[in-house]
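Some notes on the structure that comes next.
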Amino acid sequence: MRFLLLILLSFSYGAMAQEALFPRDTSYTFRSAYEKLHKEYPSIKAVDTAAPKGVAVRQNLVYRRLGNRALHLDMFYPATSRNADKAKKLPAVLMVHGGGWRTGDKSLVKPMAQQLAAAGYVTAAVEYRLSLEAPYPAAVHDLKAAIRWLRANAAEYGIDTSRIAVYGTSAGGQLAALIGTTNNLKKLEGAGDHQQHSSSVQAIIDVDGVLAFKHPESEEGTMAAQWLGGTYEEVPQNWQEASALTHVDKNTPPVLFISSSYPRFHAGRADMVKVLDREGIYHEHWTMPDSPHSFWLFHPWFVPTLQYTTNFLNKVFKQQ
(Lines give C-alpha, C1' and ligand atoms only; values in the text may rest on other atoms or scores of the structure.)
Protein backbone atom coordinates (compact mmCIF):
# COMPACT_ATOMS: atom_id res chain seq x y z
CA MET A 1 0.00 0.00 0.00
CA ARG A 2 2.82 2.38 0.92
CA PHE A 3 4.54 1.64 -2.40
CA LEU A 4 1.33 2.41 -4.30
CA LEU A 5 0.93 5.66 -2.37
CA LEU A 6 4.47 6.71 -3.30
CA ILE A 7 3.75 6.01 -6.97
CA LEU A 8 0.57 8.07 -6.85
CA LEU A 9 2.33 10.93 -5.09
CA SER A 10 5.13 10.80 -7.63
CA PHE A 11 2.61 10.88 -10.48
CA SER A 12 0.75 13.82 -8.92
CA TYR A 13 3.99 15.75 -8.45
CA GLY A 14 4.93 15.10 -12.07
CA ALA A 15 1.53 16.28 -13.25
CA MET A 16 1.83 19.47 -11.17
CA ALA A 17 5.32 20.09 -12.51
CA GLN A 18 4.00 19.64 -16.04
CA GLU A 19 1.24 22.17 -15.37
CA ALA A 20 3.76 24.60 -13.90
CA LEU A 21 5.93 24.28 -16.99
CA PHE A 22 3.03 24.66 -19.39
CA PRO A 23 0.40 26.95 -17.83
CA ARG A 24 -3.10 26.76 -19.27
CA ASP A 25 -6.13 29.02 -19.24
CA THR A 26 -9.18 26.73 -19.32
CA SER A 27 -11.82 29.47 -19.25
CA TYR A 28 -13.10 28.98 -22.82
CA THR A 29 -15.07 25.76 -23.19
CA PHE A 30 -18.35 24.61 -24.71
CA ARG A 31 -19.93 25.04 -21.29
CA SER A 32 -18.62 28.55 -20.64
CA ALA A 33 -19.63 29.68 -24.14
CA TYR A 34 -23.11 28.19 -23.71
CA GLU A 35 -23.64 29.83 -20.33
CA LYS A 36 -22.59 33.18 -21.76
CA LEU A 37 -24.66 33.00 -24.95
CA HIS A 38 -27.77 31.30 -23.56
CA LYS A 39 -28.75 34.45 -21.69
CA GLU A 40 -29.16 36.40 -24.94
CA TYR A 41 -29.98 33.45 -27.22
CA PRO A 42 -32.13 31.09 -25.10
CA SER A 43 -32.97 28.82 -28.06
CA ILE A 44 -29.39 27.71 -28.76
CA LYS A 45 -28.64 24.00 -28.49
CA ALA A 46 -25.52 21.94 -28.08
CA VAL A 47 -24.12 20.04 -31.05
CA ASP A 48 -23.84 16.24 -30.94
CA THR A 49 -20.21 15.32 -30.30
CA ALA A 50 -20.52 11.63 -31.21
CA ALA A 51 -18.60 10.50 -34.29
CA PRO A 52 -20.91 9.94 -37.28
CA LYS A 53 -21.19 6.45 -38.69
CA GLY A 54 -18.28 5.58 -40.96
CA VAL A 55 -15.90 8.12 -39.39
CA ALA A 56 -12.75 6.72 -37.78
CA VAL A 57 -10.95 8.55 -34.99
CA ARG A 58 -7.37 8.53 -33.69
CA GLN A 59 -6.72 10.87 -30.77
CA ASN A 60 -3.71 12.55 -29.21
CA LEU A 61 -1.17 11.72 -31.87
CA VAL A 62 2.12 13.54 -31.32
CA TYR A 63 2.98 15.74 -34.29
CA ARG A 64 5.77 17.79 -32.73
CA ARG A 65 8.12 17.57 -29.75
CA LEU A 66 9.91 20.48 -28.12
CA GLY A 67 12.12 19.02 -25.39
CA ASN A 68 9.72 17.30 -22.99
CA ARG A 69 6.74 19.13 -24.48
CA ALA A 70 4.62 17.12 -26.91
CA LEU A 71 2.02 18.71 -29.18
CA HIS A 72 -0.93 16.59 -30.26
CA LEU A 73 -3.64 16.37 -32.86
CA ASP A 74 -6.76 14.25 -33.35
CA MET A 75 -7.46 12.65 -36.72
CA PHE A 76 -10.97 12.14 -38.11
CA TYR A 77 -11.38 10.44 -41.46
CA PRO A 78 -13.64 8.20 -43.53
CA ALA A 79 -12.85 4.68 -42.37
CA THR A 80 -12.17 3.64 -45.97
CA SER A 81 -9.53 6.33 -46.58
CA ARG A 82 -6.54 4.70 -44.83
CA ASN A 83 -4.05 3.17 -47.21
CA ALA A 84 -6.23 4.23 -50.17
CA ASP A 85 -4.78 4.05 -53.64
CA LYS A 86 -3.75 7.27 -55.35
CA ALA A 87 -7.01 7.68 -57.27
CA LYS A 88 -9.03 7.61 -54.04
CA LYS A 89 -6.96 9.96 -51.90
CA LEU A 90 -8.92 12.67 -50.12
CA PRO A 91 -8.43 16.37 -49.36
CA ALA A 92 -7.42 17.22 -45.79
CA VAL A 93 -8.36 20.07 -43.45
CA LEU A 94 -6.31 21.30 -40.49
CA MET A 95 -8.78 22.51 -37.81
CA VAL A 96 -7.62 25.38 -35.56
CA HIS A 97 -9.58 26.30 -32.42
CA GLY A 98 -10.14 29.79 -31.07
CA GLY A 99 -9.89 31.37 -27.64
CA GLY A 100 -8.09 34.68 -27.97
CA TRP A 101 -4.68 33.00 -28.50
CA ARG A 102 -4.77 32.30 -24.72
CA THR A 103 -7.42 29.68 -23.99
CA GLY A 104 -9.44 26.94 -25.70
CA ASP A 105 -8.33 23.53 -26.94
CA LYS A 106 -8.71 21.18 -29.90
CA SER A 107 -11.95 19.66 -28.56
CA LEU A 108 -13.72 22.88 -29.62
CA VAL A 109 -13.36 21.97 -33.31
CA LYS A 110 -14.10 18.26 -32.84
CA PRO A 111 -17.81 18.39 -33.90
CA MET A 112 -17.00 20.25 -37.12
CA ALA A 113 -13.97 18.04 -37.82
CA GLN A 114 -16.14 14.92 -37.48
CA GLN A 115 -18.85 16.24 -39.78
CA LEU A 116 -16.30 17.26 -42.41
CA ALA A 117 -14.85 13.76 -42.19
CA ALA A 118 -18.34 12.36 -42.78
CA ALA A 119 -18.49 14.58 -45.88
CA GLY A 120 -15.35 12.98 -47.31
CA TYR A 121 -12.45 14.96 -45.85
CA VAL A 122 -9.55 13.89 -43.66
CA THR A 123 -9.49 16.34 -40.76
CA ALA A 124 -7.02 17.07 -37.98
CA ALA A 125 -7.99 18.99 -34.83
CA VAL A 126 -4.73 20.46 -33.63
CA GLU A 127 -3.25 21.60 -30.33
CA TYR A 128 -0.89 24.57 -30.48
CA ARG A 129 1.00 26.67 -27.95
CA LEU A 130 -1.02 29.55 -26.51
CA SER A 131 0.11 32.91 -25.16
CA LEU A 132 0.66 31.82 -21.53
CA GLU A 133 3.12 29.23 -22.76
CA ALA A 134 4.80 30.87 -25.74
CA PRO A 135 4.16 34.14 -27.59
CA TYR A 136 3.95 34.75 -31.32
CA PRO A 137 5.17 33.24 -33.60
CA ALA A 138 5.19 29.91 -31.69
CA ALA A 139 1.60 29.04 -32.66
CA VAL A 140 2.34 29.73 -36.32
CA HIS A 141 5.39 27.47 -36.20
CA ASP A 142 3.30 24.73 -34.56
CA LEU A 143 0.54 24.88 -37.15
CA LYS A 144 2.94 24.83 -40.07
CA ALA A 145 4.64 21.83 -38.44
CA ALA A 146 1.23 20.14 -38.22
CA ILE A 147 0.67 20.64 -41.94
CA ARG A 148 4.07 19.12 -42.66
CA TRP A 149 3.12 16.18 -40.40
CA LEU A 150 -0.05 15.65 -42.44
CA ARG A 151 2.00 15.43 -45.62
CA ALA A 152 4.55 13.13 -43.99
CA ASN A 153 1.72 10.80 -42.91
CA ALA A 154 -0.42 11.22 -46.01
CA ALA A 155 -0.13 7.61 -47.16
CA GLU A 156 -1.45 6.24 -43.87
CA TYR A 157 -4.58 8.41 -43.91
CA GLY A 158 -5.21 8.54 -47.65
CA ILE A 159 -4.49 12.26 -47.96
CA ASP A 160 -4.04 14.02 -51.28
CA THR A 161 -1.14 16.32 -50.44
CA SER A 162 -2.05 18.71 -53.25
CA ARG A 163 -5.38 19.51 -51.53
CA ILE A 164 -4.93 20.68 -47.96
CA ALA A 165 -7.03 23.44 -46.37
CA VAL A 166 -6.76 25.25 -43.06
CA TYR A 167 -9.95 26.03 -41.11
CA GLY A 168 -10.01 28.24 -38.02
CA THR A 169 -12.48 29.95 -35.71
CA SER A 170 -11.96 33.32 -34.01
CA ALA A 171 -8.25 33.46 -33.05
CA GLY A 172 -7.98 30.21 -34.98
CA GLY A 173 -9.52 31.97 -37.97
CA GLN A 174 -6.89 34.69 -37.72
CA LEU A 175 -4.23 31.99 -37.60
CA ALA A 176 -5.76 30.09 -40.53
CA ALA A 177 -5.70 33.23 -42.66
CA LEU A 178 -2.12 33.96 -41.64
CA ILE A 179 -1.01 30.38 -42.36
CA GLY A 180 -2.62 30.49 -45.80
CA THR A 181 -1.26 33.89 -46.81
CA THR A 182 2.31 33.01 -45.77
CA ASN A 183 2.77 29.89 -47.87
CA ASN A 184 6.51 29.43 -48.47
CA LEU A 185 7.48 32.33 -46.18
CA LYS A 186 10.64 30.93 -44.63
CA LYS A 187 10.64 33.40 -41.75
CA LEU A 188 7.48 31.89 -40.27
CA GLU A 189 8.23 28.24 -41.03
CA GLY A 190 9.90 27.45 -37.72
CA ALA A 191 12.07 24.47 -36.87
CA GLY A 192 10.95 20.91 -36.32
CA ASP A 193 10.44 17.64 -38.11
CA HIS A 194 9.46 16.91 -41.71
CA GLN A 195 11.21 19.93 -43.19
CA GLN A 196 11.36 18.07 -46.49
CA HIS A 197 7.59 18.54 -46.75
CA SER A 198 5.76 21.75 -47.57
CA SER A 199 3.54 23.59 -45.09
CA SER A 200 1.59 25.30 -47.88
CA VAL A 201 -2.19 25.08 -47.99
CA GLN A 202 -4.51 25.29 -50.97
CA ALA A 203 -7.56 26.84 -49.28
CA ILE A 204 -8.41 29.01 -46.25
CA ILE A 205 -11.59 29.01 -44.14
CA ASP A 206 -11.66 31.94 -41.72
CA VAL A 207 -14.60 31.85 -39.31
CA ASP A 208 -14.84 35.25 -37.58
CA GLY A 209 -11.10 35.78 -37.34
CA VAL A 210 -9.57 39.24 -37.75
CA LEU A 211 -7.31 39.87 -40.72
CA ALA A 212 -5.51 42.96 -39.41
CA PHE A 213 -4.51 43.71 -35.83
CA LYS A 214 -3.85 47.42 -36.34
CA HIS A 215 -6.61 48.75 -38.58
CA PRO A 216 -9.41 51.37 -38.43
CA GLU A 217 -11.89 48.51 -37.94
CA SER A 218 -9.85 46.60 -35.35
CA GLU A 219 -10.50 46.64 -31.61
CA GLU A 220 -7.77 44.21 -30.60
CA GLY A 221 -6.16 44.98 -27.26
CA THR A 222 -4.94 43.06 -24.22
CA MET A 223 -5.46 39.50 -25.51
CA ALA A 224 -3.68 40.28 -28.76
CA ALA A 225 -0.88 42.11 -26.92
CA GLN A 226 -0.32 39.11 -24.64
CA TRP A 227 0.11 36.86 -27.65
CA LEU A 228 2.06 39.28 -29.83
CA GLY A 229 4.62 40.04 -27.12
CA GLY A 230 3.54 43.60 -26.34
CA THR A 231 1.31 46.46 -27.42
CA TYR A 232 1.39 47.93 -30.90
CA GLU A 233 3.53 50.80 -29.60
CA GLU A 234 6.02 48.27 -28.19
CA VAL A 235 6.21 45.70 -31.01
CA PRO A 236 4.56 47.19 -34.13
CA GLN A 237 6.43 44.73 -36.35
CA ASN A 238 4.68 41.76 -34.71
CA TRP A 239 1.24 43.34 -35.05
CA GLN A 240 1.88 43.91 -38.73
CA GLU A 241 3.57 40.60 -39.48
CA ALA A 242 0.82 38.56 -37.73
CA SER A 243 -1.89 40.17 -39.88
CA ALA A 244 -2.96 38.20 -42.94
CA LEU A 245 -3.73 41.48 -44.71
CA THR A 246 0.00 42.23 -44.71
CA HIS A 247 0.74 39.13 -46.78
CA VAL A 248 -2.23 38.65 -49.13
CA ASP A 249 -1.10 38.68 -52.75
CA LYS A 250 -1.38 36.83 -56.05
CA ASN A 251 -0.20 33.60 -54.39
CA THR A 252 -2.98 33.49 -51.77
CA PRO A 253 -5.23 30.42 -52.16
CA PRO A 254 -9.05 30.57 -52.33
CA VAL A 255 -10.67 31.96 -49.17
CA LEU A 256 -13.98 31.43 -47.39
CA PHE A 257 -15.04 34.01 -44.82
CA ILE A 258 -17.89 33.14 -42.43
CA SER A 259 -18.76 36.01 -40.13
CA SER A 260 -20.85 36.85 -37.09
CA SER A 261 -22.87 40.03 -36.82
CA TYR A 262 -20.09 41.67 -34.76
CA PRO A 263 -18.11 44.13 -36.95
CA ARG A 264 -14.92 44.01 -34.83
CA PHE A 265 -14.20 40.48 -36.02
CA HIS A 266 -14.29 41.59 -39.67
CA ALA A 267 -11.28 43.90 -39.34
CA GLY A 268 -9.33 43.99 -42.60
CA ARG A 269 -11.70 41.77 -44.58
CA ALA A 270 -12.90 44.42 -47.04
CA ASP A 271 -9.30 45.41 -47.81
CA MET A 272 -8.31 41.78 -48.24
CA VAL A 273 -11.23 41.16 -50.59
CA LYS A 274 -10.03 44.04 -52.77
CA VAL A 275 -6.69 42.29 -53.22
CA LEU A 276 -8.35 38.93 -53.90
CA ASP A 277 -10.58 40.55 -56.52
CA ARG A 278 -7.64 42.34 -58.13
CA GLU A 279 -5.68 39.10 -58.36
CA GLY A 280 -8.64 37.02 -59.54
CA ILE A 281 -8.57 34.72 -56.50
CA TYR A 282 -11.80 32.89 -55.72
CA HIS A 283 -13.44 33.81 -52.43
CA GLU A 284 -16.79 33.59 -50.69
CA HIS A 285 -18.24 35.53 -47.78
CA TRP A 286 -21.24 34.59 -45.67
CA THR A 287 -22.62 36.37 -42.61
CA MET A 288 -24.82 34.76 -39.98
CA PRO A 289 -27.59 37.30 -39.25
CA ASP A 290 -28.13 38.20 -35.58
CA SER A 291 -25.36 35.84 -34.51
CA PRO A 292 -22.90 36.10 -31.62
CA HIS A 293 -19.21 35.42 -31.71
CA SER A 294 -18.76 31.64 -31.11
CA PHE A 295 -21.88 31.02 -33.20
CA TRP A 296 -20.24 27.99 -34.88
CA LEU A 297 -20.32 26.00 -31.64
CA PHE A 298 -24.11 25.75 -31.39
CA HIS A 299 -27.35 25.22 -33.23
CA PRO A 300 -28.93 26.96 -35.15
CA TRP A 301 -25.62 28.17 -36.67
CA PHE A 302 -23.56 24.97 -36.70
CA VAL A 303 -25.29 23.38 -39.70
CA PRO A 304 -25.11 26.49 -41.94
CA THR A 305 -21.42 26.86 -41.02
CA LEU A 306 -20.86 23.23 -42.00
CA GLN A 307 -22.78 23.69 -45.25
CA TYR A 308 -20.89 26.82 -46.26
CA THR A 309 -17.63 25.05 -45.49
CA THR A 310 -18.37 21.82 -47.37
CA ASN A 311 -19.81 23.70 -50.36
CA PHE A 312 -16.66 25.82 -50.57
CA LEU A 313 -14.30 22.87 -50.17
CA ASN A 314 -16.22 20.85 -52.73
CA LYS A 315 -15.96 23.73 -55.17
CA VAL A 316 -12.25 24.34 -54.80
CA PHE A 317 -11.13 20.73 -54.24
CA LYS A 318 -13.53 18.04 -55.37
CA GLN A 319 -14.44 19.77 -58.64
CA GLN A 320 -10.80 20.18 -59.71
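Chain labels A, B, ... are given in the sequence in which chains occur in the C-alpha coordinates; within each chain residues are numbered consecutively from 1, and ligands are likewise numbered from 1 in the order shown.
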
Listing only residues of region 42-144 of chain A within 6 Å of region 279-298 of chain A, what is the closest atom pair and its distance in Å (to one decimal) for each, using only C-alpha atoms, sorted by chain and residue number ascending, as CSV?
```
residue,atom,partner,partner_atom,distance
A:Lys45,CA,A:Phe298,CA,5.7
A:Ala46,CA,A:Phe298,CA,5.2
A:Val47,CA,A:Phe298,CA,5.7
```

Please write the residues from the selection above to a file, keeping all heavy atoms, as a PDB file, in the first residue's frame.
```pdb
ATOM      1  N   LYS A  45     -28.754  25.388 -28.937  1.00  0.00           N
ATOM      2  CA  LYS A  45     -28.643  24.002 -28.493  1.00  0.00           C
ATOM      3  C   LYS A  45     -27.239  23.477 -28.768  1.00  0.00           C
ATOM      4  O   LYS A  45     -26.585  23.881 -29.735  1.00  0.00           O
ATOM      5  CB  LYS A  45     -29.669  23.131 -29.218  1.00  0.00           C
ATOM      6  CG  LYS A  45     -31.112  23.473 -28.869  1.00  0.00           C
ATOM      7  CD  LYS A  45     -32.083  22.548 -29.587  1.00  0.00           C
ATOM      8  CE  LYS A  45     -33.523  22.885 -29.224  1.00  0.00           C
ATOM      9  NZ  LYS A  45     -34.494  22.011 -29.937  1.00  0.00           N
ATOM     10  N   ALA A  46     -26.829  22.551 -27.917  1.00  0.00           N
ATOM     11  CA  ALA A  46     -25.517  21.940 -28.081  1.00  0.00           C
ATOM     12  C   ALA A  46     -25.498  21.050 -29.314  1.00  0.00           C
ATOM     13  O   ALA A  46     -26.530  20.525 -29.746  1.00  0.00           O
ATOM     14  CB  ALA A  46     -25.159  21.131 -26.846  1.00  0.00           C
ATOM     15  N   VAL A  47     -24.316  20.890 -29.877  1.00  0.00           N
ATOM     16  CA  VAL A  47     -24.117  20.037 -31.047  1.00  0.00           C
ATOM     17  C   VAL A  47     -23.701  18.647 -30.582  1.00  0.00           C
ATOM     18  O   VAL A  47     -22.936  18.494 -29.617  1.00  0.00           O
ATOM     19  CB  VAL A  47     -23.032  20.640 -31.964  1.00  0.00           C
ATOM     20  CG1 VAL A  47     -22.715  19.707 -33.127  1.00  0.00           C
ATOM     21  CG2 VAL A  47     -23.480  22.001 -32.471  1.00  0.00           C
TER      22      VAL A  47
END
```

Name all residues at most 6 Å from Lys89 (chain A) (count only C-alpha atoms; drop same-chain ones fewer than 5 positions away) and give them as a list in words.
Gly158, Ile159 and Asp160 of chain A

Could you work out how far CA of Tyr77 (chain A) lies from CA of Thr182 (chain A), giving the answer in Å with one decimal?
26.7 Å

Check the smallest atom-to-atom distance from each of A:Arg31, A:Lys214, A:His299, A:Arg278 to Arg264 (chain A) using only C-alpha atoms, then report the winner.
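Closest to Arg264 (chain A) of all the choices is A:Lys214.
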